[in-house]
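Worksheet for the structure shown next.
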Amino acid sequence: MIEVRKSQERGYADHGWLTSFHSFSFADYYDPKFMSFGPLRVINEDRVAAGMGFGTHGHRDMEIVSYVLDGALAHKDSMGNGSSIRPGDVQRMSAGTGVQHSEFNYASDQTTHFLQIWIQPNQLGIQPSYEEKHFSETEKRGQLRVVVSPDSRDGSLKIHADAILYAGLFDGAEVATLAIAPNRRSYVHVARGRVVVNGQQLNAGDALKLIDVTAIDVRDGEHAEVLVFDLA
């Protein structure tokens, strides 16, 4: 099964300081057909206005991944972590038994554009933890680089869920193929640009849901940045 989800079909919210596209039901956007996909629960494409952000708020029993596309996102949490993540950085926060955090765009003249991803954990009530890492453009150029995994493979961030996240950059003749094991499902999200995935032309914001597919084929990119989820 291969199903295309076009960008304009997503939920949308405009709060003035924040605009957000929701790939799955979130806040005031509800669609029973798009509640989750395997353990993948949320992909929000957020744009945070200069000098604005999310005040301190809580999470529990969720794996939260932030992937910055433009600008910077300052993070502070109740575990004592404080940093600013920028394009190429991937951040993972395991909320576990409960964590408080804030996210803010301190720039005076630039919007922060990032993907907020929630993945349901395979174990509840774990100790909260935090991790971040930079993945260079070279590491992702013309290939699918694992950035999040349950076993920290190849230097990726460790997630407490049965999910693997890959990121890649594609232009022109660059091609990548990712083998998918039996009884897995895959989700492809195009963060920017245009690309062909398993024969489907996708534009920025488009997604592809795949079940019973043995491989993901990515090619014919035009300034494309692609995320691929390998899911239980």
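Every chain in the structure tokens has a letter given in the order shown (A, B, ...), and although residue numbers restart at 1 in each chain, ligands are simply numbered from 1 in the order shown.
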Original post:
Could you write out, as an MDAnalysis selection string, all the residues of range 33-130 of chain A that DSSP marks as strand (DSSP E)?
Top reply: chainID A and resid 40:48 53:59 63:70 73:77 82:85 89:94 99:104 112:119 129:130
Contact check, range 96-181 of chain A to range 200-213 of chain A, at most 10 Å, counting only C-alpha atoms, closest pairs as a Markdown table:
| residue | atom | partner | partner_atom | distance |
| --- | --- | --- | --- | --- |
| A:Ala179 | CA | A:Val213 | CA | 8.9 |
| A:Ile180 | CA | A:Val213 | CA | 6.9 |
| A:Ala181 | CA | A:Val213 | CA | 8.5 |
Restricted to C-alpha atoms, what would the selected residues look like written as a PDB file, in the first residue's frame?
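Once written, result-v6.pdb looks like this:
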ATOM      1  CA  ALA A 179      15.686  -1.574   2.528  1.00  0.00           C
ATOM      2  CA  ILE A 180      12.619  -2.047   4.744  1.00  0.00           C
ATOM      3  CA  ALA A 181      12.246  -5.268   6.749  1.00  0.00           C
TER       4      ALA A 181
END
**OP:** Pick out the residues sitting within 12 Å of Ala173 in chain A, and hand them over as a PyMOL selection string; count only C-alpha atoms, and ignore anything fewer than 2 positions along from it in its own chain.
**Re:** chain A and resi 141-143+169-171+175-176+195-196+218-223
Original post:
For Leu69 in chain A, which residue among A:Thr214, A:Ser7, A:Asn81, A:Thr112 is the nearest when counting only C-alpha atoms?
Top reply: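 Looking only at the distances to Leu69 in chain A, the closest residue turns out to be A:Thr112.
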